[in-house]
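Engineer: Provided herewith is a single structure, encoded as structure tokens, for subsequent inquiry.
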Amino acid sequence: MSQILPFLPLLLNGLLITLALTAVGVVITVLVAFAAGLCRMSRRRWLSWPAGVFIEIFRGTSMLVQLFWLFFALPFFGVQLVPFAAAVLALGLNEGAYGAEIVRGAITALPRGQREGAIALSLTPYQRMRYVILPQAIPAMIPPFGNVFVDLLKNTSLVSLVTVADLTFRAQMVRATTGATTAVFGTILVLYFVAAYVLSVGMGRLERRMDPGRPELRPTLLQRLFRRGGVVGS
Amino acid sequence: SFTQPGTGQPGSTLDQIKARGSARIAIANEPPYTQIKPDGTVTGAEPDVVAAVLKRMGIPSIEGVVTPYESMIPGLNANRWDIIAAGLFMKQSRCGQILYSEPEIVSTESFAVPAGNPKNLTSVASVKADPAVKVAVLPGGFEDGALKTQNVPAAQIVNIPDGRSGIEAVLAGRADAFFLPTLSLNSLKTDGIDITPAIKDVQQTGSGAGFRKTDQDLVNAYDEQLRALKASPEFDEILSRWGFSADAARGVTRDQLCAVAG
Amino acid sequence: MIWDWAFAASIVPSLLDGLWVTVQVTLVGTAIALLLGLGVAVVRYSRIPLLGKLFDFFVLFVRGTPLLVQAYFAFYVLPNVGVQFSPLVTGIIVIGINYSAYTAEVYRAGIQSVPAGQWEASTALSLSAVQRWRFVVLPQAVRDVVPALGNYVVQMFKDSAILSAITVFELLSHATSIGSGSYRYLEPLTIAGLLFLAVSLPAAKLIKRLELRLAHPR
Amino acid sequence: MISFSGVGKSFGDNHVLRELDLDVAAGEKVSIIGPSGSGKTTILRLLMTLEEPDSGLVEVDGEPLWDRRGGAVADTRGQAAVRRKIGMVFQHFNLFPHMTVLNNVALAPVQVLGMSRDDAEHRAVDLLRMVGLQKHLRHKPGQLSGGQQQRVAIARALAMRPKVMLFDEVTSALDPELIGEVLAVIRDLAHTTAMTMLLVTHEMRFAAEISDRVLMFDSGAVIESGPPSKIFEEPQHERTQRFLKAVLERK
Amino acid sequence: MISFSGVGKSFGDNHVLRELDLDVAAGEKVSIIGPSGSGKTTILRLLMTLEEPDSGLVEVDGEPLWDRRGGAVADTRGQAAVRRKIGMVFQHFNLFPHMTVLNNVALAPVQVLGMSRDDAEHRAVDLLRMVGLQKHLRHKPGQLSGGQQQRVAIARALAMRPKVMLFDEVTSALDPELIGEVLAVIRDLAHTTAMTMLLVTHEMRFAAEISDRVLMFDSGAVIESGPPSKIFEEPQHERTQRFLKAVLERK
Ligand SMILES: Nc1ncnc2c1ncn2[C@@H]1O[C@H](COP(=O)(O)OP(=O)(O)OP(=O)(O)O)[C@@H](O)[C@H]1O
Ligand SMILES: Nc1ncnc2c1ncn2[C@@H]1O[C@H](COP(=O)(O)OP(=O)(O)OP(=O)(O)O)[C@@H](O)[C@H]1O
Ligand SMILES: [Mg+2]
Ligand SMILES: [Mg+2]
């Protein structure tokens, strides 16, 4: 353990990068999820079809392959993203594809009468979404999105394989230099775990704030943590 | 900015790094060739040489990117870094893909073996002689290629991701030997490990800085300053600091090393 | 000149070899995840005093940390304490254990959906604890969660690429290794991605069908 | 005010409406009765653009809402403006559960008519007072009884100042003792306003009381039509007689 | 055969049984009646070890099933052997939906009694013939009517050759026209076997017909007990009178 003390600042710097990746990744995930999810539901083929292809491709291949592709193959098409950008993009697109199914699921789960009530009031499609559908669907999306965000946090570790100096990357470096393998990996396992825990608790708070009903029936903190339905958002 | 420096900008890599005052170099964190310091900055024999040359060219700083050997050339071609400064040894196939500077480092290869060298491994031939022997290498590294060009069966080759893991593989018995440059092994040596003398049946080799094929102007400018550096005592000072011989590096040419098979 | 068809065609056989390794990892990993997850779920549900708490934490911890780091840990640390396997075996065990934490949660949902009356009827017939699980509870619990388990199998298939980081020579490793030999990444990575799709898309469709079938039996 | 001519509508091979012709004059109160599945709801949904006809012409206030004569593809330009003249109250209320009663009523006037928030709320309060709910402005729909919710739904539809109001079995999801309060509100509207009203109902007594005309529907066609006295007291058509007998016996 | 002495049982602060004493002789058929929530089901569940008493002693066939005298922790050695003498039929059948009818009946004899598969299936077929279901051996429970399912449940319990049978409102989840077939089977058992039977029921006529003794339960205690003729025709206790009046009027 004492061997890695001099490298602690380096590890903390890596943790910071990991958290930054997660934060930016969450923003991209949410944007992508709503864009792809809403397009997927559109009756216009030229919107729903590309969204469907996007979702299937990003859910059907490995996150790591996507990351390598964005990092090493995309430049040949003239798009040269800095490593951090390639990393958050891969994270956001991948998790966003899962999120898209959450968005779609939450919206289709609303009673049909809500949409019809809004049409009967002559609300435009945008107004229907904005004032009627989304305010009801979003609270239902929070628990599954919580799981996606925890996944995202864990997947940030993959960016270490494309030269982004996140926590895992720094750990590998410190390990290679000091040989303190057990201490280094033990430390970062705990760091990831704590980060995931805090993230879940935060999402739980958000969930309760958006839906103040029946607090006594809610599952315990530990149960809520890492709850997950089917992975494929089904 | 979200996109990589250099994208869509006019001018050669040389102009760009001059304008930026900084170059991105690929390294592997394999002392003594390359090493990351606790503060995150880059050092090691090759980066120090490259930094000294670049300084003479009027480029004050370098920015290290750590990456496995196998992705160094693809990453260079994908413009992920400007120069490979990782001790990536010259050989025919690599010289066909990228441009090298004149040699900066020359080195020998050794095996790391369990103390006492129980299987008596001293050459590639001794590895081939016993099919039960397993040798650990870094995939895409020079040693990997050396074994393959000498037709060592794939079943005898164990891939490991970095130097530290190679030593651990030997200690754990996952491999009987770990094949790496002698000096690298010396810096990794721990209890229970012996480093063999230089292996005779691989060709002597060495490395220089690696550049994209399109950057001939950069190589020319670089070589000019490298010649000046090699003529100065500063070169001896850098190489000896990391345990290499400056005279050995002065004694070979790029054309000789690029002729190494593999 | 961006895409080289001849080169692409020449690397397909090697990538298919990698795909086969990936499939093997997935199959053995699935077997581990399904069995171990079942054990974890049963122990947790049975409220076995210490073990139950331990497995609770196991599930929590495994789900809260990255697979990559778990793989590193197993690969680098375990040999130090005398546990050593080849990278392939290490990888399979790691991914199997990792997914057992997820399947354990799936099984738990399945077990919870078995009505209390089924447990009571088993008691009334004097079935032992083992017989109760074996003949009454698990057959009903598992049937309902087969699609959810299937989704995790597909997910594991994709996640097995992460094991390339501990030198398991699977599909992605084959792609990068081709890249290091040929100095081209575009074709191997693209084809690797397509091969992943070629397996996971039909698999996902199959699971969807199964789900509909189970939801509307007969 | 409303005119269907030659309107057809199928779901798959279920021909719900067949060559329907129907005219409702401005200010007229029309009740539609008929057995389940006969297409009553479908007529209202076509007017509300919740369904699209397969053929024929539907006009409202002299302007085309649906024009599919010759099966041509509907031209929906101007449809939104026509639809704005129509309000609808649903069987299951379809209130927005995440908004207060006040916001349910004020939302569309602000968003669609562009009224100021203040004006819209004032008007909403007036309407809610009219339906007897001034005490519940800040409640969410979930806190109200079914009858109260349906009265909010009526206020919400009225807030758009429609020329035509559609009511689709608005009391059939309510507990019996709550039906009266909703019918009272509609009766009031029928007697005091000049709105055109189209009312699908199984409350025969109520239909008789407020309607100018009653339409008997069967299998997607009007099989009998006339003033309530005529339809309820001396129905001509055998199907009507049978239907009325069944409904009245059930009570 | 069955003896409760000083048995108490609470759920939280709900004292369901209070110092209950109760004896049932071998071969006796006892019906338990009483208002909802009075603890009838709880008695059967204690015997079936589905609940644990807080205090007192429960013996079956002379052996202790629960011994919590002085609140001591229950010693459950030997409990399994005692419980094996008891069979139970539930209100909601609780058949195993994933097994055929035959396997439902044969499972426990094979697994618990260690019978050979062949013997167990032969016996299962006999029992299923007895309850009139020989045609449905290969069906799954989901394919049977409620009455048929309940008869399978009876056969399943009998397959374990219990000395005591517990029936908990076995007909109250059934459609009225299916009740008769289940009661017929139980009546048959009562008249032709020497099994001890404990029957919770709201079918007063049936209870009168088959019981040796009827227990009237209220608030966790036996408030009246005697032969059916006495309890149903001249109940002493005011609570019993009130209860019987309410039940008989409901029909
Ligand atoms: N969205 C739909 N898809 C398929 N069939 C539909 C749909 N909506 C209505 N139908 C069918 O159209 C027919 C007419 O339905 P409609 O709701 O207009 O009947 P109704 O007269 O209002 O009956 P009720 O008194 O039961 O409300 C019915 O057979 C119904 O099943
Ligand atoms: N598991 C339990 N947890 C808490 N309370 C329980 C539980 N089981 C039974 N009770 C309570 O115990 C009391 C007696 O229940 P029991 O089921 O024995 O009544 P019962 O006489 O069978 O009534 P019924 O005729 O409705 O079946 C009731 O008040 C019931 O709510
Ligand atoms: Mg209708
Ligand atoms: Mg009961």
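How things are named: the first chain in the structure tokens is A, the next is B, and so on; residues count from 1 in each chain; ligands count from 1 in the order shown.
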Could you list, as a list in words, the residues of chain A having an atom within 7 Å of chain B when counting only C-alpha atoms?
Structural biologist: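 Matching residues, ligands excluded from the count: Pro6, Phe7, Leu10, Phe72, Pro75, Phe76, Gln80, Leu81, Val82, Ala85, Thr163, Ala176 and Gly179 of chain A.
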Engineer: For chain B, report every residue with an atom at most 8 Å from chain C (counting only C-alpha atoms), formatted as a list in words.
Structural biologist: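 In the required form, that comes to Tyr69, Glu70, Ser71, Ile73, Pro74, Gln97, Pro139, Gly140, Asn159, Ile160, Pro161, Ser165, Glu168, Ala172 and Arg174 of chain B.
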Engineer: Emit the selected residues as a compact mmCIF listing (two decimals), in the first residue's frame, including N, CA and C atoms.
Structural biologist:
# COMPACT_ATOMS: atom_id res chain seq x y z
N TYR B 69 2.00 -1.57 -27.91
CA TYR B 69 2.80 -1.56 -29.15
C TYR B 69 1.96 -1.85 -30.37
N GLU B 70 0.98 -2.77 -30.20
CA GLU B 70 0.25 -3.20 -31.39
C GLU B 70 -0.57 -2.08 -32.01
N SER B 71 -0.94 -1.07 -31.23
CA SER B 71 -1.75 -0.02 -31.85
C SER B 71 -0.92 1.22 -32.19
N ILE B 73 1.36 1.87 -34.66
CA ILE B 73 1.37 2.29 -36.07
C ILE B 73 -0.04 2.63 -36.56
N PRO B 74 -1.06 1.77 -36.26
CA PRO B 74 -2.41 2.18 -36.65
C PRO B 74 -2.80 3.54 -36.06
N GLN B 97 5.97 0.55 -43.43
CA GLN B 97 4.73 1.22 -43.07
C GLN B 97 4.95 2.66 -42.63
N PRO B 139 2.20 -8.57 -27.43
CA PRO B 139 1.71 -8.74 -28.80
C PRO B 139 2.06 -7.52 -29.65
N GLY B 140 2.56 -7.78 -30.83
CA GLY B 140 2.92 -6.68 -31.72
C GLY B 140 4.30 -6.14 -31.43
N ASN B 159 0.63 -14.32 -24.96
CA ASN B 159 0.53 -12.86 -25.03
C ASN B 159 0.27 -12.28 -23.66
N ILE B 160 0.99 -11.24 -23.32
CA ILE B 160 0.71 -10.53 -22.07
C ILE B 160 0.65 -9.04 -22.39
N PRO B 161 -0.10 -8.27 -21.60
CA PRO B 161 -0.35 -6.89 -22.00
C PRO B 161 0.78 -5.89 -21.69
N SER B 165 3.27 -7.60 -16.28
CA SER B 165 2.53 -8.85 -16.35
C SER B 165 3.41 -9.99 -16.83
N GLU B 168 5.20 -11.27 -13.91
CA GLU B 168 4.24 -12.00 -13.08
C GLU B 168 3.88 -13.34 -13.72
N ALA B 172 4.34 -16.80 -11.91
CA ALA B 172 3.15 -17.63 -11.68
C ALA B 172 3.23 -18.93 -12.46
N ARG B 174 2.92 -19.22 -15.63
CA ARG B 174 2.12 -19.20 -16.84
C ARG B 174 3.00 -19.19 -18.09
Engineer: Please, which residues have at least one atom within 8 Å of an atom of ligand 3, using only C-alpha atoms and all ligand atoms, listed as a list in words?
Structural biologist: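 Taking only C-alpha atoms and all ligand atoms into account, the residues around ligand 3 at most 8 Å away are Ser36, Gly37, Gly39, Lys40, Thr41, Thr42, Asp168, Glu169 and Val200 of chain D.
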Engineer: May I have the residues from that selection written out with C-alpha atoms, as an mmCIF file, in the first residue's frame?
Structural biologist:
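Contents of part34.cif, freshly written:
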data_model
loop_
_atom_site.group_PDB
_atom_site.id
_atom_site.type_symbol
_atom_site.label_atom_id
_atom_site.label_comp_id
_atom_site.auth_asym_id
_atom_site.auth_seq_id
_atom_site.Cartn_x
_atom_site.Cartn_y
_atom_site.Cartn_z
ATOM 1 C CA SER D 36 -72.565 -1.761 -28.505
ATOM 2 C CA GLY D 37 -70.193 -1.867 -31.454
ATOM 3 C CA GLY D 39 -70.104 2.713 -34.492
ATOM 4 C CA LYS D 40 -71.367 5.508 -32.227
ATOM 5 C CA THR D 41 -67.993 6.263 -30.698
ATOM 6 C CA THR D 42 -66.369 6.048 -34.100
ATOM 7 C CA ASP D 168 -69.201 9.926 -25.456
ATOM 8 C CA GLU D 169 -71.051 7.970 -22.764
ATOM 9 C CA VAL D 200 -73.715 9.249 -27.251
#
Engineer: Could you find all residues in region 24-258 of chain B that DSSP calls strand (DSSP E or B) from the backbone, and write them as number ranges by chain?
Structural biologist: B: 24-27, 35-36, 42-43, 61-66, 83-84, 89, 99-100, 105-107, 109-114, 135-137, 157-159, 177-181, 193-195, 205-207, 210-211
Engineer: How would you write, as a PyMOL selection string, the set of residues no farther than 10 Å from ligand 1 when counting only C-alpha atoms and all ligand atoms?
Structural biologist: chain D and resi 9-17+32-46+50-51+91+168-169+172+200-202+217-220
Engineer: Please dump the current selection as a PDB file, in the first residue's frame; keep C-alpha atoms.
Structural biologist:
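As written to disk, again_36.pdb reads:
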ATOM      1  CA  LYS D   9     -64.665   3.417 -42.058  1.00  0.00           C
ATOM      2  CA  SER D  10     -63.293  -0.073 -41.522  1.00  0.00           C
ATOM      3  CA  PHE D  11     -60.947  -1.656 -39.028  1.00  0.00           C
ATOM      4  CA  GLY D  12     -59.511  -4.538 -40.994  1.00  0.00           C
ATOM      5  CA  ASP D  13     -62.536  -6.367 -42.388  1.00  0.00           C
ATOM      6  CA  ASN D  14     -64.779  -4.890 -39.735  1.00  0.00           C
ATOM      7  CA  HIS D  15     -66.845  -2.320 -41.675  1.00  0.00           C
ATOM      8  CA  VAL D  16     -67.791  -0.029 -38.851  1.00  0.00           C
ATOM      9  CA  LEU D  17     -69.381   2.769 -40.885  1.00  0.00           C
ATOM     10  CA  ILE D  32     -77.071   8.935 -30.589  1.00  0.00           C
ATOM     11  CA  ILE D  33     -78.271   5.620 -29.248  1.00  0.00           C
ATOM     12  CA  GLY D  34     -77.699   2.075 -30.388  1.00  0.00           C
ATOM     13  CA  PRO D  35     -76.185  -1.253 -29.440  1.00  0.00           C
ATOM     14  CA  SER D  36     -72.565  -1.761 -28.505  1.00  0.00           C
ATOM     15  CA  GLY D  37     -70.193  -1.867 -31.454  1.00  0.00           C
ATOM     16  CA  SER D  38     -72.588  -0.096 -33.778  1.00  0.00           C
ATOM     17  CA  GLY D  39     -70.104   2.713 -34.492  1.00  0.00           C
ATOM     18  CA  LYS D  40     -71.367   5.508 -32.227  1.00  0.00           C
ATOM     19  CA  THR D  41     -67.993   6.263 -30.698  1.00  0.00           C
ATOM     20  CA  THR D  42     -66.369   6.048 -34.100  1.00  0.00           C
ATOM     21  CA  ILE D  43     -68.435   8.973 -35.375  1.00  0.00           C
ATOM     22  CA  LEU D  44     -67.268  11.189 -32.539  1.00  0.00           C
ATOM     23  CA  ARG D  45     -63.669  10.069 -32.970  1.00  0.00           C
ATOM     24  CA  LEU D  46     -63.764  10.924 -36.669  1.00  0.00           C
ATOM     25  CA  LEU D  50     -58.731  10.574 -33.613  1.00  0.00           C
ATOM     26  CA  GLU D  51     -59.613   8.278 -36.497  1.00  0.00           C
ATOM     27  CA  GLN D  91     -66.002   8.219 -21.120  1.00  0.00           C
ATOM     28  CA  ASP D 168     -69.201   9.926 -25.456  1.00  0.00           C
ATOM     29  CA  GLU D 169     -71.051   7.970 -22.764  1.00  0.00           C
ATOM     30  CA  SER D 172     -71.025   5.135 -17.969  1.00  0.00           C
ATOM     31  CA  VAL D 200     -73.715   9.249 -27.251  1.00  0.00           C
ATOM     32  CA  THR D 201     -75.589   7.911 -24.265  1.00  0.00           C
ATOM     33  CA  HIS D 202     -77.416   5.023 -22.702  1.00  0.00           C
ATOM     34  CA  PHE D 217     -77.623   3.530 -34.837  1.00  0.00           C
ATOM     35  CA  ASP D 218     -77.050  -0.036 -35.884  1.00  0.00           C
ATOM     36  CA  SER D 219     -74.150  -1.610 -37.744  1.00  0.00           C
ATOM     37  CA  GLY D 220     -72.692   1.719 -38.760  1.00  0.00           C
TER      38      GLY D 220
END
Engineer: CA of Phe196 (chain C) to CA of Thr61 (chain A): how many Å, to one decimal?
Structural biologist: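 Those two atoms sit 5.2 Å apart.
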Engineer: Find the residues around Phe93 (chain E) up to 8 Å (only C-alpha atoms counted), leave out those fewer than 5 positions away in its own chain, and share them as number ranges by chain.
Structural biologist: E: 149-150, 153, 170
Engineer: At a cut-off of 12 Å, using only C-alpha atoms, what residues contact Leu34 (chain C)? Leave out same-chain residues fewer than 5 positions from it and give the result as a CSV table (one decimal) with C-alpha atoms, in the first residue's frame.
Structural biologist:
chain,number,residue,atom,x,y,z
C,26,THR,CA,-20.2,-17.0,-23.9
C,27,LEU,CA,-21.4,-20.6,-23.6
C,28,VAL,CA,-19.2,-21.6,-20.7
C,29,GLY,CA,-19.7,-18.2,-19.1
C,39,GLY,CA,-27.3,-20.8,-6.1
C,40,VAL,CA,-26.8,-17.2,-5.0
C,41,ALA,CA,-30.5,-16.5,-5.5
C,95,ILE,CA,-17.4,-13.0,-16.8
C,96,GLY,CA,-19.4,-16.0,-15.5
C,97,ILE,CA,-19.2,-14.7,-11.9
C,98,ASN,CA,-19.9,-11.2,-13.0
C,99,TYR,CA,-23.1,-12.2,-14.7
C,100,SER,CA,-24.1,-14.5,-11.9
C,101,ALA,CA,-24.8,-11.3,-9.9
C,102,TYR,CA,-27.2,-10.2,-12.6
C,103,THR,CA,-28.9,-13.6,-13.1
C,104,ALA,CA,-29.2,-13.9,-9.3
C,105,GLU,CA,-31.4,-10.8,-9.4
C,106,VAL,CA,-33.4,-12.2,-12.3
C,107,TYR,CA,-34.0,-15.5,-10.5
C,142,VAL,CA,-37.2,-20.2,-14.0
C,145,VAL,CA,-37.5,-15.5,-16.4
C,146,VAL,CA,-36.1,-17.3,-19.4
C,148,ALA,CA,-34.7,-12.0,-19.1
C,149,LEU,CA,-31.9,-14.6,-18.7
C,150,GLY,CA,-31.6,-14.7,-22.5
C,152,TYR,CA,-28.1,-11.4,-20.3
C,153,VAL,CA,-26.6,-14.1,-22.4
C,156,MET,CA,-22.4,-11.3,-22.1
Engineer: Based on the backbone DSSP call, show me all residues of region 12-128 of chain D assigned alpha helix (DSSP H), as a PyMOL selection string.
Structural biologist: chain D and resi 40-47+79-83+101-111+117-128
Engineer: Excluding same-chain residues fewer than 2 positions from Ile162 (chain C), what lies within 9 Å of it counting only C-alpha atoms, as an NGL selection string?
Structural biologist: (:A and (62-64 or 158)) or (:C and (67-68 or 71 or 158-160 or 164-166 or 168 or 172))
Engineer: Grab the residues selected above and save them as a compact mmCIF listing (two decimals), in the first residue's frame with all heavy atoms.
Structural biologist:
# COMPACT_ATOMS: atom_id res chain seq x y z
N SER A 62 -20.45 -4.70 -29.29
CA SER A 62 -19.78 -4.41 -28.04
C SER A 62 -19.45 -2.94 -27.93
O SER A 62 -18.99 -2.32 -28.88
CB SER A 62 -18.48 -5.18 -27.95
OG SER A 62 -18.74 -6.53 -27.91
N MET A 63 -19.67 -2.42 -26.75
CA MET A 63 -19.24 -1.07 -26.44
C MET A 63 -17.75 -0.89 -26.77
O MET A 63 -17.34 0.13 -27.33
CB MET A 63 -19.47 -0.89 -24.94
CG MET A 63 -18.69 0.17 -24.27
SD MET A 63 -19.59 1.68 -24.31
CE MET A 63 -18.21 2.78 -24.29
N LEU A 64 -16.94 -1.89 -26.48
CA LEU A 64 -15.50 -1.77 -26.69
C LEU A 64 -15.18 -1.69 -28.18
O LEU A 64 -14.31 -0.92 -28.61
CB LEU A 64 -14.80 -2.97 -26.05
CG LEU A 64 -13.30 -2.90 -25.92
CD1 LEU A 64 -12.88 -1.61 -25.22
CD2 LEU A 64 -12.78 -4.09 -25.13
N LEU A 158 -13.57 1.28 -19.80
CA LEU A 158 -13.10 0.77 -21.09
C LEU A 158 -12.27 1.81 -21.85
O LEU A 158 -11.44 1.45 -22.68
CB LEU A 158 -14.28 0.33 -21.95
CG LEU A 158 -15.15 -0.77 -21.34
CD1 LEU A 158 -16.27 -1.16 -22.29
CD2 LEU A 158 -14.30 -1.99 -21.03
N LEU C 67 -16.55 -4.59 -15.07
CA LEU C 67 -16.07 -5.91 -15.46
C LEU C 67 -14.58 -5.88 -15.79
O LEU C 67 -13.82 -6.78 -15.44
CB LEU C 67 -16.88 -6.42 -16.67
CG LEU C 67 -16.44 -7.73 -17.29
CD1 LEU C 67 -16.53 -8.85 -16.27
CD2 LEU C 67 -17.29 -8.06 -18.50
N LEU C 68 -14.17 -4.82 -16.48
CA LEU C 68 -12.75 -4.72 -16.86
C LEU C 68 -11.84 -4.76 -15.64
O LEU C 68 -10.84 -5.48 -15.61
CB LEU C 68 -12.52 -3.41 -17.64
CG LEU C 68 -11.07 -3.13 -18.02
CD1 LEU C 68 -10.56 -4.16 -19.01
CD2 LEU C 68 -10.92 -1.72 -18.61
N ALA C 71 -11.76 -8.09 -14.12
CA ALA C 71 -10.92 -9.00 -14.92
C ALA C 71 -9.45 -8.75 -14.61
O ALA C 71 -8.67 -9.68 -14.41
CB ALA C 71 -11.20 -8.81 -16.41
N LYS C 158 -21.57 -9.83 -25.92
CA LYS C 158 -20.95 -8.57 -26.32
C LYS C 158 -19.85 -8.14 -25.33
O LYS C 158 -18.79 -7.68 -25.73
CB LYS C 158 -22.02 -7.47 -26.42
CG LYS C 158 -22.97 -7.71 -27.57
CD LYS C 158 -24.08 -6.69 -27.61
CE LYS C 158 -25.12 -6.97 -26.58
NZ LYS C 158 -26.14 -5.92 -26.49
N ASP C 159 -20.12 -8.31 -24.05
CA ASP C 159 -19.16 -7.88 -23.04
C ASP C 159 -17.88 -8.72 -23.05
O ASP C 159 -16.86 -8.30 -22.52
CB ASP C 159 -19.78 -7.97 -21.64
CG ASP C 159 -20.46 -6.67 -21.24
OD1 ASP C 159 -20.41 -5.73 -22.06
OD2 ASP C 159 -21.02 -6.60 -20.14
N SER C 160 -17.95 -9.91 -23.65
CA SER C 160 -16.75 -10.76 -23.62
C SER C 160 -15.59 -10.08 -24.36
O SER C 160 -14.44 -10.44 -24.15
CB SER C 160 -17.06 -12.13 -24.21
OG SER C 160 -17.41 -11.99 -25.57
N SER C 164 -10.51 -9.13 -23.92
CA SER C 164 -9.31 -8.94 -24.74
C SER C 164 -8.24 -8.21 -23.92
O SER C 164 -7.05 -8.39 -24.14
CB SER C 164 -9.65 -8.15 -26.00
OG SER C 164 -10.10 -6.86 -25.66
N ALA C 165 -8.68 -7.40 -22.96
CA ALA C 165 -7.72 -6.63 -22.16
C ALA C 165 -6.86 -7.53 -21.29
O ALA C 165 -5.79 -7.13 -20.86
CB ALA C 165 -8.45 -5.61 -21.29
N ILE C 166 -7.32 -8.73 -20.99
CA ILE C 166 -6.45 -9.66 -20.26
C ILE C 166 -5.98 -10.77 -21.21
O ILE C 166 -5.78 -11.91 -20.79
CB ILE C 166 -7.11 -10.23 -18.99
CG1 ILE C 166 -8.41 -10.97 -19.33
CG2 ILE C 166 -7.39 -9.13 -17.98
CD1 ILE C 166 -8.89 -11.87 -18.19
N VAL C 168 -7.28 -12.53 -23.53
CA VAL C 168 -8.09 -13.63 -24.06
C VAL C 168 -8.21 -13.39 -25.56
O VAL C 168 -8.56 -12.30 -25.99
CB VAL C 168 -9.49 -13.65 -23.41
CG1 VAL C 168 -10.36 -14.70 -24.09
CG2 VAL C 168 -9.37 -13.92 -21.92
N LEU C 172 -12.41 -9.48 -30.70
CA LEU C 172 -11.78 -8.16 -30.76
C LEU C 172 -10.25 -8.29 -30.76
O LEU C 172 -9.57 -7.54 -31.46
CB LEU C 172 -12.27 -7.30 -29.59
CG LEU C 172 -11.70 -5.88 -29.54
CD1 LEU C 172 -12.07 -5.10 -30.80
CD2 LEU C 172 -12.18 -5.13 -28.31
Engineer: Skip Ala137 (chain A) itself and residues of its chain fewer than 6 positions away, then list as an mmCIF file with C-alpha atoms, in the first residue's frame all residues within 8 Å of it, counting only C-alpha atoms.
Structural biologist:
data_model
loop_
_atom_site.group_PDB
_atom_site.id
_atom_site.type_symbol
_atom_site.label_atom_id
_atom_site.label_comp_id
_atom_site.auth_asym_id
_atom_site.auth_seq_id
_atom_site.Cartn_x
_atom_site.Cartn_y
_atom_site.Cartn_z
ATOM 1 C CA VAL A 103 -37.939 6.478 -23.292
ATOM 2 C CA ALA A 106 -42.258 4.818 -20.653
ATOM 3 C CA ILE A 107 -44.179 6.756 -23.285
ATOM 4 C CA LEU A 110 -49.055 5.850 -20.796
#
Engineer: Would you pick out the contacts of Ala106 (chain D) at 7 Å or less, using only C-alpha atoms, so that residues sharing its chain but fewer than 2 positions from it are not included, and give the list as a list of chain:residue names?
Structural biologist: D:Leu102, D:Asn103, D:Asn104, D:Ala108, D:Pro109, D:Val110, D:Ala120, D:Glu121, D:Ala124
Engineer: Find the residue from C:Val12, C:Ala215, C:Ala161, C:Ala116 that sits nearest to ligand 2; use only C-alpha atoms and all ligand atoms when measuring.
Structural biologist: C:Ala116
Engineer: Any idea which chain D residues end up within 9 Å of chain A if we count only C-alpha atoms, as a PyMOL selection string please?
Structural biologist: chain D and resi 48-50+80-81+83-84+86-90+92-99+107-109+111-112+156-157+160
Engineer: Enter the distance from CA of Phe58 (chain C) to CA of Leu191 (chain A), in Å, rounded to one decimal.
Structural biologist: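 The value is 16.1 Å.
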Engineer: Could you please tell me, as JSON, numbers by chain, which residues of chain C have an atom within 7 Å of chain E when using only C-alpha atoms?
Structural biologist: {"C": [117, 118, 120, 121, 124, 125, 126, 127, 136, 140]}
Engineer: To one decimal in Å, tell me the separation between CA of Ala112 (chain B) and CA of Ile195 (chain B).
Structural biologist: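 Between CA of Ala112 (chain B) and CA of Ile195 (chain B) the gap is 4.6 Å.
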